[in-house]
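Participant: So I've got this file, protein-v7.txt, and it contains compact mmCIF, C-alpha atoms and all ligand atoms:
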```
# COMPACT_ATOMS: atom_id res chain seq x y z
CA MET G 1 5.07 -57.50 8.47
CA ILE G 2 1.67 -57.25 6.81
CA LEU G 3 1.02 -54.84 3.94
CA LEU G 4 -2.14 -52.79 4.36
CA ASP G 5 -3.31 -53.19 0.80
CA GLY G 6 -5.30 -50.08 -0.01
CA LYS G 7 -5.58 -51.02 -3.64
CA LYS G 8 -7.30 -54.32 -2.92
CA THR G 9 -9.44 -52.86 -0.12
CA SER G 10 -10.57 -50.01 -2.35
CA LEU G 11 -11.56 -52.52 -5.04
CA ASP G 12 -13.64 -54.39 -2.44
CA ILE G 13 -15.38 -51.12 -1.49
CA LYS G 14 -15.97 -50.18 -5.12
CA GLN G 15 -17.46 -53.62 -5.70
CA GLU G 16 -19.82 -53.12 -2.73
CA ILE G 17 -20.88 -49.72 -4.08
CA ALA G 18 -21.39 -51.15 -7.59
CA VAL G 19 -23.78 -53.73 -6.14
CA GLU G 20 -25.70 -50.95 -4.39
CA VAL G 21 -25.86 -48.87 -7.58
CA LYS G 22 -27.20 -51.87 -9.52
CA SER G 23 -29.86 -52.43 -6.89
CA ARG G 24 -30.85 -48.74 -7.00
CA LYS G 25 -31.17 -48.98 -10.77
CA GLU G 26 -33.42 -52.03 -10.46
CA LYS G 27 -35.62 -50.21 -7.96
CA GLY G 28 -35.83 -47.16 -10.24
CA LEU G 29 -33.94 -44.99 -7.73
CA LYS G 30 -31.59 -42.20 -8.72
CA ILE G 31 -28.08 -43.08 -9.92
CA PRO G 32 -25.41 -41.19 -7.92
CA HIS G 33 -23.81 -38.36 -9.85
CA LEU G 34 -20.42 -36.87 -8.89
CA ALA G 35 -19.01 -33.75 -10.51
CA ALA G 36 -15.44 -32.48 -10.30
CA ILE G 37 -14.05 -29.07 -11.15
CA ILE G 38 -10.41 -28.72 -12.06
CA VAL G 39 -8.79 -25.36 -12.67
CA GLY G 40 -5.58 -25.37 -14.74
CA SER G 41 -3.58 -28.35 -15.92
CA ASP G 42 -1.28 -29.34 -13.04
CA GLY G 43 -0.04 -32.87 -13.83
CA ALA G 44 -0.69 -34.45 -10.42
CA SER G 45 -4.13 -32.81 -10.07
CA MET G 46 -5.15 -34.05 -13.54
CA THR G 47 -4.07 -37.58 -12.61
CA TYR G 48 -6.11 -37.51 -9.38
CA VAL G 49 -9.21 -36.05 -10.97
CA ASN G 50 -9.09 -38.44 -13.94
CA SER G 51 -8.84 -41.45 -11.69
CA LYS G 52 -11.85 -40.17 -9.70
CA VAL G 53 -13.89 -39.90 -12.91
CA LYS G 54 -12.69 -43.33 -14.09
CA SER G 55 -13.71 -44.86 -10.74
CA CYS G 56 -17.21 -43.39 -11.16
CA GLN G 57 -17.54 -45.11 -14.51
CA GLN G 58 -16.32 -48.44 -13.07
CA ILE G 59 -19.02 -48.54 -10.41
CA GLY G 60 -21.93 -47.19 -12.48
CA PHE G 61 -22.06 -43.61 -11.14
CA ASN G 62 -22.72 -40.72 -13.49
CA SER G 63 -19.87 -38.22 -13.55
CA THR G 64 -19.19 -34.76 -14.91
CA LEU G 65 -15.75 -33.22 -15.27
CA ILE G 66 -15.59 -29.44 -15.58
CA GLU G 67 -12.19 -28.28 -16.83
CA LEU G 68 -11.45 -24.58 -16.46
CA PRO G 69 -8.39 -22.70 -17.71
CA GLU G 70 -5.55 -21.64 -15.38
CA GLU G 71 -6.54 -17.95 -15.70
CA THR G 72 -10.12 -18.56 -14.40
CA THR G 73 -11.16 -15.81 -11.99
CA GLU G 74 -12.55 -16.43 -8.52
CA GLU G 75 -15.89 -15.02 -9.68
CA GLN G 76 -16.09 -17.44 -12.61
CA LEU G 77 -15.30 -20.40 -10.37
CA LEU G 78 -17.89 -19.29 -7.79
CA HIS G 79 -20.41 -19.08 -10.64
CA GLU G 80 -19.68 -22.72 -11.62
CA ILE G 81 -20.06 -23.79 -8.00
CA ASP G 82 -23.38 -22.00 -7.72
CA ALA G 83 -24.62 -23.84 -10.83
CA LEU G 84 -23.60 -27.22 -9.35
CA ASN G 85 -25.23 -26.33 -6.01
CA LYS G 86 -28.50 -25.70 -7.87
CA ASP G 87 -28.31 -28.68 -10.25
CA LYS G 88 -30.71 -31.29 -8.86
CA ASP G 89 -29.04 -34.13 -10.73
CA ILE G 90 -25.64 -33.56 -9.07
CA ASP G 91 -25.48 -35.34 -5.69
CA GLY G 92 -21.99 -34.24 -4.79
CA PHE G 93 -19.03 -32.40 -6.23
CA ILE G 94 -15.43 -31.58 -5.52
CA VAL G 95 -13.12 -28.74 -6.42
CA GLN G 96 -9.69 -30.24 -7.03
CA LEU G 97 -6.98 -28.52 -4.97
CA PRO G 98 -4.63 -26.70 -5.19
CA LEU G 99 -6.20 -23.73 -6.98
CA PRO G 100 -4.30 -21.03 -8.92
CA LYS G 101 -3.09 -18.18 -6.71
CA GLN G 102 -5.66 -15.61 -7.91
CA ILE G 103 -8.39 -17.74 -6.25
CA ASP G 104 -9.05 -17.79 -2.49
CA GLU G 105 -9.30 -21.48 -1.64
CA GLN G 106 -11.22 -20.94 1.59
CA LYS G 107 -13.83 -18.75 -0.14
CA VAL G 108 -14.34 -21.47 -2.74
CA LEU G 109 -14.73 -24.28 -0.20
CA MET G 110 -17.22 -22.15 1.76
CA ALA G 111 -19.34 -21.72 -1.39
CA VAL G 112 -20.00 -25.46 -1.77
CA ASP G 113 -23.42 -26.59 -0.50
CA PRO G 114 -22.57 -28.64 2.65
CA ASP G 115 -25.08 -31.29 1.50
CA LYS G 116 -23.05 -31.77 -1.69
CA ASP G 117 -19.63 -31.35 -0.05
CA VAL G 118 -18.44 -34.94 -0.56
CA ASP G 119 -14.83 -33.92 0.17
CA GLY G 120 -15.95 -32.95 3.69
CA PHE G 121 -14.04 -29.64 3.61
CA HIS G 122 -16.90 -27.19 4.34
CA PRO G 123 -16.86 -25.75 7.90
CA VAL G 124 -20.34 -27.20 8.50
CA ASN G 125 -19.05 -30.71 7.83
CA VAL G 126 -15.81 -30.10 9.74
CA GLY G 127 -17.85 -28.83 12.70
CA LYS G 128 -20.22 -31.78 12.61
CA MET G 129 -17.29 -34.20 12.37
CA THR G 130 -15.66 -32.55 15.39
CA LEU G 131 -18.90 -32.93 17.38
CA ASP G 132 -19.21 -36.56 16.23
CA LEU G 133 -22.44 -35.83 14.36
CA PRO G 134 -23.28 -37.43 11.00
CA ALA G 135 -21.24 -35.60 8.35
CA PHE G 136 -19.25 -36.13 5.20
CA LEU G 137 -15.84 -37.09 6.54
CA PRO G 138 -12.78 -35.87 4.62
CA ALA G 139 -11.88 -38.69 2.26
CA THR G 140 -8.24 -39.35 3.20
CA PRO G 141 -8.73 -39.66 7.00
CA ALA G 142 -11.95 -41.61 6.37
CA GLY G 143 -10.03 -43.97 4.07
CA ILE G 144 -7.42 -44.55 6.78
CA MET G 145 -10.16 -45.31 9.35
CA GLU G 146 -11.71 -47.79 6.92
CA LEU G 147 -8.37 -49.49 6.27
CA LEU G 148 -7.68 -49.83 10.01
CA GLU G 149 -11.17 -51.26 10.52
CA ARG G 150 -11.01 -53.76 7.68
CA TYR G 151 -7.60 -55.03 8.84
CA ASP G 152 -8.92 -55.25 12.40
CA ILE G 153 -6.18 -53.05 13.84
CA GLU G 154 -6.85 -52.14 17.47
CA THR G 155 -6.79 -48.39 18.12
CA SER G 156 -8.48 -48.23 21.52
CA GLY G 157 -6.02 -47.12 24.19
CA LYS G 158 -3.16 -47.04 21.69
CA ASN G 159 -0.64 -44.23 21.32
CA VAL G 160 -1.14 -42.66 17.91
CA VAL G 161 1.24 -40.06 16.55
CA VAL G 162 0.04 -38.02 13.59
CA ILE G 163 2.73 -36.08 11.72
CA GLY G 164 1.30 -33.02 9.97
CA ARG G 165 -1.61 -30.76 10.98
CA SER G 166 -3.21 -29.92 7.60
CA HIS G 167 -6.94 -29.28 7.44
CA ILE G 168 -7.49 -32.15 5.02
CA VAL G 169 -5.38 -34.92 6.56
CA GLY G 170 -3.49 -34.50 9.84
CA ARG G 171 -5.93 -32.49 11.93
CA PRO G 172 -9.12 -34.41 11.04
CA MET G 173 -7.18 -37.66 11.48
CA SER G 174 -6.21 -36.65 15.00
CA ILE G 175 -9.81 -35.72 15.83
CA LEU G 176 -11.35 -38.92 14.46
CA LEU G 177 -8.89 -41.28 16.13
CA SER G 178 -9.36 -39.60 19.51
CA GLN G 179 -13.16 -39.87 19.36
CA LYS G 180 -15.26 -42.48 21.07
CA ARG G 181 -16.00 -44.60 18.01
CA LYS G 182 -15.28 -48.08 16.65
CA VAL G 183 -11.93 -47.05 15.17
CA GLY G 184 -10.93 -44.47 17.74
CA ASN G 185 -10.46 -44.16 21.51
CA ALA G 186 -6.76 -43.61 20.88
CA THR G 187 -4.43 -41.29 22.76
CA VAL G 188 -3.41 -38.99 19.95
CA THR G 189 -0.40 -36.71 19.66
CA LEU G 190 -0.56 -34.25 16.77
CA THR G 191 2.91 -33.20 15.67
CA HIS G 192 4.00 -30.59 13.12
CA SER G 193 6.89 -28.53 11.81
CA ARG G 194 7.47 -26.84 15.19
CA THR G 195 7.49 -30.08 17.18
CA LYS G 196 10.73 -30.60 19.10
CA ASP G 197 12.54 -33.95 19.05
CA LEU G 198 9.92 -35.68 16.93
CA ALA G 199 11.79 -39.00 16.95
CA SER G 200 11.41 -39.32 20.75
CA ILE G 201 7.64 -38.98 20.25
CA THR G 202 7.29 -41.32 17.27
CA ARG G 203 9.35 -43.98 19.11
CA GLU G 204 6.54 -44.19 21.70
CA ALA G 205 3.84 -44.65 19.04
CA ASP G 206 1.84 -47.83 18.45
CA ILE G 207 0.50 -46.25 15.25
CA VAL G 208 2.13 -43.50 13.18
CA VAL G 209 0.23 -41.56 10.53
CA ALA G 210 2.80 -39.71 8.42
CA ALA G 211 1.25 -36.81 6.47
CA LEU G 212 3.88 -34.12 6.02
CA GLY G 213 4.81 -34.38 2.35
CA MET G 214 8.56 -34.99 2.72
CA ALA G 215 9.83 -38.03 0.84
CA GLU G 216 11.06 -40.88 3.06
CA PHE G 217 11.17 -38.65 6.16
CA LEU G 218 10.27 -41.31 8.74
CA THR G 219 13.12 -43.77 9.12
CA GLY G 220 13.52 -47.08 10.95
CA ASP G 221 15.37 -45.53 13.92
CA MET G 222 12.32 -43.29 14.61
CA VAL G 223 9.85 -46.11 15.32
CA LYS G 224 9.50 -48.99 17.74
CA GLU G 225 9.16 -52.71 16.98
CA GLY G 226 5.63 -53.78 16.06
CA VAL G 227 4.42 -50.32 15.06
CA THR G 228 1.58 -49.80 12.56
CA ILE G 229 2.51 -47.31 9.84
CA ILE G 230 0.12 -45.29 7.71
CA ASP G 231 1.99 -43.43 4.98
CA VAL G 232 -0.10 -40.62 3.48
CA GLY G 233 2.65 -38.79 1.61
CA ILE G 234 2.87 -38.67 -2.16
CA THR G 235 5.91 -36.83 -3.50
CA ARG G 236 7.23 -36.95 -7.05
CA VAL G 237 10.96 -37.66 -6.83
CA PRO G 238 13.04 -37.22 -10.02
CA ASP G 239 14.11 -40.64 -11.31
CA ALA G 240 15.85 -40.92 -14.67
CA THR G 241 15.30 -44.71 -14.77
CA LYS G 242 11.52 -44.17 -15.09
CA LYS G 243 9.91 -43.38 -18.43
CA ARG G 244 7.92 -40.51 -16.92
CA GLY G 245 11.05 -39.12 -15.24
CA TYR G 246 9.94 -39.49 -11.61
CA ARG G 247 8.82 -42.01 -9.02
CA LEU G 248 6.23 -41.62 -6.27
CA ALA G 249 7.64 -41.60 -2.74
CA GLY G 250 5.79 -41.73 0.55
CA ASP G 251 6.72 -39.93 3.77
CA VAL G 252 8.11 -43.19 5.12
CA HIS G 253 11.45 -44.81 4.34
CA PHE G 254 9.81 -48.13 3.54
CA GLU G 255 12.93 -50.30 3.58
CA SER G 256 14.06 -49.47 7.13
CA VAL G 257 10.62 -48.93 8.69
CA SER G 258 9.05 -52.12 7.30
CA GLU G 259 11.73 -54.15 9.12
CA LYS G 260 10.20 -53.09 12.43
CA ALA G 261 6.54 -52.59 11.51
CA SER G 262 3.79 -55.13 12.02
CA TYR G 263 1.55 -53.34 9.50
CA ILE G 264 2.46 -50.77 6.86
CA THR G 265 0.78 -49.09 3.89
CA PRO G 266 2.76 -49.04 0.62
CA VAL G 267 3.09 -45.99 -1.64
CA PRO G 268 1.55 -46.20 -4.14
CA GLY G 269 -1.31 -48.61 -3.41
CA GLY G 270 -2.02 -47.69 0.21
CA VAL G 271 -3.86 -44.56 1.31
CA GLY G 272 -4.30 -43.08 -2.20
CA PRO G 273 -6.84 -45.59 -3.54
CA MET G 274 -8.69 -45.53 -0.20
CA THR G 275 -9.17 -41.77 -0.56
CA ILE G 276 -11.00 -42.28 -3.85
CA ALA G 277 -13.08 -45.14 -2.42
CA MET G 278 -14.28 -42.87 0.40
CA LEU G 279 -15.12 -40.05 -1.99
CA LEU G 280 -17.37 -42.52 -3.82
CA THR G 281 -18.84 -43.69 -0.50
CA ASN G 282 -19.65 -40.08 0.41
CA THR G 283 -21.28 -39.52 -3.00
CA LEU G 284 -23.46 -42.60 -2.58
CA GLN G 285 -24.42 -41.29 0.87
CA ALA G 286 -25.28 -37.86 -0.58
CA CYS G 287 -27.56 -39.55 -3.11
CA GLN G 288 -29.17 -41.80 -0.47
CA ASN G 289 -29.77 -38.75 1.75
CA LYS G 290 -32.20 -37.50 -0.91
CA ASP G 291 -34.20 -40.78 -1.20
P1 LIG J 1 0.42 -29.87 3.98
O1 LIG J 1 1.59 -29.46 3.18
O2 LIG J 1 -0.82 -29.08 3.95
O3 LIG J 1 0.86 -30.00 5.49
C1 LIG J 1 2.06 -30.58 5.87
C2 LIG J 1 2.13 -30.62 7.37
O4 LIG J 1 3.34 -31.26 7.74
C3 LIG J 1 2.10 -29.26 8.04
O5 LIG J 1 1.10 -29.26 9.02
C4 LIG J 1 3.48 -29.11 8.68
O6 LIG J 1 3.43 -28.50 9.96
C5 LIG J 1 3.93 -30.55 8.80
N1 LIG J 1 5.38 -30.68 8.69
C6 LIG J 1 6.18 -30.15 7.73
N2 LIG J 1 7.48 -30.44 7.97
C7 LIG J 1 7.49 -31.16 9.12
C8 LIG J 1 8.51 -31.76 9.88
N3 LIG J 1 9.79 -31.66 9.52
N4 LIG J 1 8.16 -32.43 10.99
C9 LIG J 1 6.88 -32.54 11.37
N5 LIG J 1 5.86 -32.00 10.68
C10 LIG J 1 6.16 -31.32 9.56
O7 LIG J 1 0.18 -31.40 3.60
P2 LIG J 1 -1.10 -32.31 3.29
O8 LIG J 1 -1.98 -31.65 2.32
O9 LIG J 1 -1.66 -32.82 4.57
O10 LIG J 1 -0.34 -33.50 2.55
C11 LIG J 1 0.70 -34.22 3.15
C12 LIG J 1 1.18 -35.27 2.18
O11 LIG J 1 0.13 -36.18 1.93
C13 LIG J 1 1.59 -34.75 0.79
O12 LIG J 1 2.65 -35.53 0.30
C14 LIG J 1 0.35 -34.96 -0.04
O13 LIG J 1 0.65 -35.11 -1.42
C15 LIG J 1 -0.15 -36.25 0.54
N6 LIG J 1 -1.60 -36.48 0.40
C16 LIG J 1 -1.97 -37.71 0.02
C17 LIG J 1 -3.31 -38.02 -0.10
C18 LIG J 1 -3.69 -39.39 -0.51
O14 LIG J 1 -4.81 -39.61 -0.92
N7 LIG J 1 -2.79 -40.37 -0.37
C19 LIG J 1 -4.28 -37.05 0.19
C20 LIG J 1 -3.87 -35.80 0.62
C21 LIG J 1 -2.52 -35.53 0.74
```
Step by step, read the file and then write its structure as structure tokens.
Ligand code: NAD

Facilitator:
Amino acid sequence: MILLDGKKTSLDIKQEIAVEVKSRKEKGLKIPHLAAIIVGSDGASMTYVNSKVKSCQQIGFNSTLIELPEETTEEQLLHEIDALNKDKDIDGFIVQLPLPKQIDEQKVLMAVDPDKDVDGFHPVNVGKMTLDLPAFLPATPAGIMELLERYDIETSGKNVVVIGRSHIVGRPMSILLSQKRKVGNATVTLTHSRTKDLASITREADIVVAALGMAEFLTGDMVKEGVTIIDVGITRVPDATKKRGYRLAGDVHFESVSEKASYITPVPGGVGPMTIAMLLTNTLQACQNKD
């Protein structure tokens, strides 16, 4: 069994981007600038957004963090987005999800300028991705594609089962892997909460992408020998032995599944760091698009 080390791979990517940023600086070109808006103080969201900002600093990007209170109205948030859309120094920005319930998430994502939509959530980017046109790819599926490519995992002609059909992970993942591209050409089955007898489907899979958000859902008896496992899930499970009171669990029961897998991503240290690396890649691209 080989661990698909997202932490190490993301460091490699960050290093590559840092070299590019240095070279841009030397040539007098613009330094990429990523902004992030966070509304409220949800613990997990703060952790994600802070590590995005920290990563920017590590690689020489400029970054701006806009922190808004929990009671922010939709109008106020749309106003902030409008300002970022117009700010020439900002190459890309993200609105950290989830948003408080008084704010319509879809309306917010639609308000982001598609040219600055480095999360790849705007319908223009989703549409372009679906048509295989150049677009900002959503960071988590893009990170998985990058990991598969860098570990030289064959996807062409393989049976891939994606568990979960969310707009940010499962569905784009299923689209990308089915496309005619370097990491792609797979026969993809997209499964979800209404799928019947999931285990009989996952047992046929050469590659399983688990993105449903249920701790340790996929167990060893649900997969075949030699399978490649991509575990997207991140769930906080109460754990009194930890100082912070919880541990992070993936959607895969690592102990039983790793016995059969040929490749598997750990949680943490698998897909999570890759997601950030691809957000940075998209931001560099957004900046280069303006050269
Ligand atoms: P979501 O909650 O939006 O969607 C979950 C999907 O799982 C739904 O489509 C649902 O139909 C499906 N599902 C639920 N129960 C099921 C079952 N019993 N069998 C089959 N399918 C079932 O989730 P999401 O936003 O895609 O996130 C999924 C997980 O991935 C979460 O744990 C989230 O925290 C994590 N995540 C991680 C990263 C990362 O960077 N590593 C990024 C995004 C999301």

Participant: Which neighbours of Thr72 of chain G fall inside 10 Å, counting all atoms listed in the file, when residues of the same chain fewer than 6 positions from it are skipped, and could you give them as a PDB file with C-alpha atoms, keeping the file's coordinate frame?

Facilitator:
```pdb
ATOM      1  CA  VAL G  39      -8.790 -25.360 -12.670  1.00  0.00           C
ATOM      2  CA  GLY G  40      -5.580 -25.370 -14.740  1.00  0.00           C
ATOM      3  CA  LEU G  99      -6.200 -23.730  -6.980  1.00  0.00           C
ATOM      4  CA  PRO G 100      -4.300 -21.030  -8.920  1.00  0.00           C
ATOM      5  CA  GLN G 102      -5.660 -15.610  -7.910  1.00  0.00           C
ATOM      6  CA  ILE G 103      -8.390 -17.740  -6.250  1.00  0.00           C
TER       7      ILE G 103
END
```

Participant: Any idea what the distance is between atom CA of Asn62 of chain G and atom CA of Lys22 of chain G?

Facilitator: 12.7 Å

Participant: Residues within 9 Å of Asp119 of chain G, please, as number ranges by chain. Count all atoms listed in the file; anything in the same chain fewer than 4 positions from it doesn't count.

Facilitator: G: 92-95, 136-139, 168, 278-279, 282

Participant: Would you name the residues within 8 Å of ligand LIG 1 (chain J), counting all atoms listed in the file, and put them as a PyMOL selection string?

Facilitator: chain G and resi 139-140+163-170+191-195+198+210-215+217+231-235+250-251+270-276

Participant: When distances are computed from all atoms listed in the file, which of G:Val112, G:Val19, G:Asp89, G:Cys56 shows the smallest separation from Leu77 of chain G?

Facilitator: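 Among G:Val112, G:Val19, G:Asp89, G:Cys56, it is G:Val112 that comes nearest to Leu77 of chain G.
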
Participant: Tell me which protein, DNA and RNA residues are within 12 Å of Asp82 of chain G, counting all atoms listed in the file, leaving out same-chain ones fewer than 2 positions away, and put them as a PyMOL selection string.

Facilitator: chain G and resi 75-80+84-88+90+93+108-113+116

Participant: Show which residues sit within 10 Å of Leu65 of chain G, as a list in words. Count all atoms listed in the file, and ignore same-chain residues fewer than 6 positions away.

Facilitator: Leu34, Ala35, Ala36, Ile37, Ile38, Val49, Asn50, Lys52, Val53, Phe93 and Ile94 of chain G

Participant: Atom CA of Leu148 of chain G and atom CA of Gln285 of chain G, how far apart in Å?

Facilitator: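 Computing it gives 20.9 Å between the two atoms.
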
Participant: Residues within 9 Å of (1.0, -38.4, 16.1), file coordinates, counting all atoms listed in the file: what are they? Give the list as number ranges by chain.

Facilitator: G: 159-164, 170, 174, 188-192, 201-202, 205, 207-210

Participant: In Å to one decimal, how far is atom CA of Ile264 of chain G from atom CA of Leu4 of chain G?

Facilitator: 5.6 Å

Participant: Find the residues near Val126 of chain G: any atom within 8 Å, counting all atoms listed in the file, skip ones fewer than 5 places away on the same chain, and give them as a ChimeraX atom specification.

Facilitator: /G:120-121,135,137

Participant: Choose the residue, out of G:Val267, G:Ala186, G:Ile81, G:Ile59, that has the smallest atom-to-atom separation from Thr283 of chain G; count all atoms listed in the file.

Facilitator: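 With all atoms listed in the file as the atom set, the closest residue is G:Ile59.
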
Participant: Between G:Leu68, G:Val118, G:Leu97, G:Ala18, which one has atoms that come closest to Tyr48 of chain G, using only C-alpha atoms?

Facilitator: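 Looking at the shortest contact to Tyr48 of chain G, the residue is G:Leu97.
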
Participant: When you count only C-alpha atoms, which of these residues is closest to Ile66 of chain G: G:Gln96, G:Gln15, G:Ser156, G:Thr281?

Facilitator: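 The closest residue to Ile66 of chain G is G:Gln96.
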
Participant: Nearest to Gln58 of chain G among G:Glu259, G:Asp206, G:Glu16, G:Glu74, with distances taken over all atoms listed in the file: which residue is it?

Facilitator: G:Glu16

Participant: Rebuild segment 257-277 of chain G so that it carries N, CA, C and O atoms, then output the result as a PDB file, in the coordinates of the input.

Facilitator:
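Writing the result to out-v3.pdb gives the following:
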```pdb
ATOM      1  N   VAL G 257      11.769 -48.910   7.782  1.00  0.00           N
ATOM      2  CA  VAL G 257      10.620 -48.930   8.690  1.00  0.00           C
ATOM      3  C   VAL G 257       9.890 -50.279   8.629  1.00  0.00           C
ATOM      4  O   VAL G 257       9.466 -50.816   9.661  1.00  0.00           O
ATOM      5  N   SER G 258       9.802 -50.848   7.429  1.00  0.00           N
ATOM      6  CA  SER G 258       9.050 -52.120   7.300  1.00  0.00           C
ATOM      7  C   SER G 258       9.727 -53.254   8.055  1.00  0.00           C
ATOM      8  O   SER G 258       9.086 -54.231   8.424  1.00  0.00           O
ATOM      9  N   GLU G 259      11.024 -53.120   8.330  1.00  0.00           N
ATOM     10  CA  GLU G 259      11.730 -54.150   9.120  1.00  0.00           C
ATOM     11  C   GLU G 259      11.204 -54.231  10.546  1.00  0.00           C
ATOM     12  O   GLU G 259      11.264 -55.265  11.191  1.00  0.00           O
ATOM     13  N   LYS G 260      10.682 -53.113  11.046  1.00  0.00           N
ATOM     14  CA  LYS G 260      10.200 -53.090  12.430  1.00  0.00           C
ATOM     15  C   LYS G 260       8.677 -53.126  12.528  1.00  0.00           C
ATOM     16  O   LYS G 260       8.122 -53.476  13.569  1.00  0.00           O
ATOM     17  N   ALA G 261       8.003 -52.760  11.449  1.00  0.00           N
ATOM     18  CA  ALA G 261       6.540 -52.590  11.510  1.00  0.00           C
ATOM     19  C   ALA G 261       5.808 -53.928  11.495  1.00  0.00           C
ATOM     20  O   ALA G 261       6.277 -54.897  10.894  1.00  0.00           O
ATOM     21  N   SER G 262       4.645 -53.947  12.169  1.00  0.00           N
ATOM     22  CA  SER G 262       3.790 -55.130  12.020  1.00  0.00           C
ATOM     23  C   SER G 262       2.823 -54.928  10.861  1.00  0.00           C
ATOM     24  O   SER G 262       2.453 -55.882  10.186  1.00  0.00           O
ATOM     25  N   TYR G 263       2.404 -53.672  10.645  1.00  0.00           N
ATOM     26  CA  TYR G 263       1.550 -53.340   9.500  1.00  0.00           C
ATOM     27  C   TYR G 263       2.082 -52.060   8.868  1.00  0.00           C
ATOM     28  O   TYR G 263       2.489 -51.145   9.586  1.00  0.00           O
ATOM     29  N   ILE G 264       1.999 -51.994   7.537  1.00  0.00           N
ATOM     30  CA  ILE G 264       2.460 -50.770   6.860  1.00  0.00           C
ATOM     31  C   ILE G 264       1.734 -50.606   5.529  1.00  0.00           C
ATOM     32  O   ILE G 264       1.452 -51.592   4.844  1.00  0.00           O
ATOM     33  N   THR G 265       1.407 -49.351   5.198  1.00  0.00           N
ATOM     34  CA  THR G 265       0.780 -49.090   3.890  1.00  0.00           C
ATOM     35  C   THR G 265       1.890 -48.810   2.871  1.00  0.00           C
ATOM     36  O   THR G 265       2.831 -48.073   3.161  1.00  0.00           O
ATOM     37  N   PRO G 266       1.776 -49.365   1.671  1.00  0.00           N
ATOM     38  CA  PRO G 266       2.760 -49.040   0.620  1.00  0.00           C
ATOM     39  C   PRO G 266       2.393 -47.724  -0.058  1.00  0.00           C
ATOM     40  O   PRO G 266       1.275 -47.252   0.073  1.00  0.00           O
ATOM     41  N   VAL G 267       3.351 -47.134  -0.761  1.00  0.00           N
ATOM     42  CA  VAL G 267       3.090 -45.990  -1.640  1.00  0.00           C
ATOM     43  C   VAL G 267       3.748 -46.300  -2.983  1.00  0.00           C
ATOM     44  O   VAL G 267       4.955 -46.553  -3.009  1.00  0.00           O
ATOM     45  N   PRO G 268       3.006 -46.367  -4.064  1.00  0.00           N
ATOM     46  CA  PRO G 268       1.550 -46.200  -4.140  1.00  0.00           C
ATOM     47  C   PRO G 268       0.817 -47.482  -3.720  1.00  0.00           C
ATOM     48  O   PRO G 268       1.455 -48.485  -3.419  1.00  0.00           O
ATOM     49  N   GLY G 269      -0.504 -47.412  -3.691  1.00  0.00           N
ATOM     50  CA  GLY G 269      -1.310 -48.610  -3.410  1.00  0.00           C
ATOM     51  C   GLY G 269      -1.750 -48.735  -1.970  1.00  0.00           C
ATOM     52  O   GLY G 269      -2.239 -49.793  -1.560  1.00  0.00           O
ATOM     53  N   GLY G 270      -1.587 -47.657  -1.190  1.00  0.00           N
ATOM     54  CA  GLY G 270      -2.020 -47.690   0.210  1.00  0.00           C
ATOM     55  C   GLY G 270      -3.172 -46.727   0.431  1.00  0.00           C
ATOM     56  O   GLY G 270      -4.330 -47.018   0.100  1.00  0.00           O
ATOM     57  N   VAL G 271      -2.837 -45.545   0.952  1.00  0.00           N
ATOM     58  CA  VAL G 271      -3.860 -44.560   1.310  1.00  0.00           C
ATOM     59  C   VAL G 271      -4.532 -43.934   0.073  1.00  0.00           C
ATOM     60  O   VAL G 271      -5.728 -43.661   0.096  1.00  0.00           O
ATOM     61  N   GLY G 272      -3.774 -43.751  -1.006  1.00  0.00           N
ATOM     62  CA  GLY G 272      -4.300 -43.080  -2.200  1.00  0.00           C
ATOM     63  C   GLY G 272      -5.600 -43.689  -2.727  1.00  0.00           C
ATOM     64  O   GLY G 272      -6.616 -42.988  -2.836  1.00  0.00           O
ATOM     65  N   PRO G 273      -5.598 -44.989  -3.040  1.00  0.00           N
ATOM     66  CA  PRO G 273      -6.840 -45.590  -3.540  1.00  0.00           C
ATOM     67  C   PRO G 273      -7.984 -45.553  -2.533  1.00  0.00           C
ATOM     68  O   PRO G 273      -9.157 -45.455  -2.910  1.00  0.00           O
ATOM     69  N   MET G 274      -7.648 -45.593  -1.240  1.00  0.00           N
ATOM     70  CA  MET G 274      -8.690 -45.530  -0.200  1.00  0.00           C
ATOM     71  C   MET G 274      -9.382 -44.173  -0.212  1.00  0.00           C
ATOM     72  O   MET G 274     -10.578 -44.052   0.059  1.00  0.00           O
ATOM     73  N   THR G 275      -8.604 -43.127  -0.505  1.00  0.00           N
ATOM     74  CA  THR G 275      -9.170 -41.770  -0.560  1.00  0.00           C
ATOM     75  C   THR G 275     -10.271 -41.717  -1.617  1.00  0.00           C
ATOM     76  O   THR G 275     -11.369 -41.189  -1.365  1.00  0.00           O
ATOM     77  N   ILE G 276      -9.993 -42.295  -2.774  1.00  0.00           N
ATOM     78  CA  ILE G 276     -11.000 -42.280  -3.850  1.00  0.00           C
ATOM     79  C   ILE G 276     -12.213 -43.120  -3.449  1.00  0.00           C
ATOM     80  O   ILE G 276     -13.362 -42.715  -3.656  1.00  0.00           O
ATOM     81  N   ALA G 277     -11.958 -44.272  -2.835  1.00  0.00           N
ATOM     82  CA  ALA G 277     -13.080 -45.140  -2.420  1.00  0.00           C
ATOM     83  C   ALA G 277     -14.012 -44.395  -1.458  1.00  0.00           C
ATOM     84  O   ALA G 277     -15.239 -44.528  -1.529  1.00  0.00           O
TER      85      ALA G 277
END
```
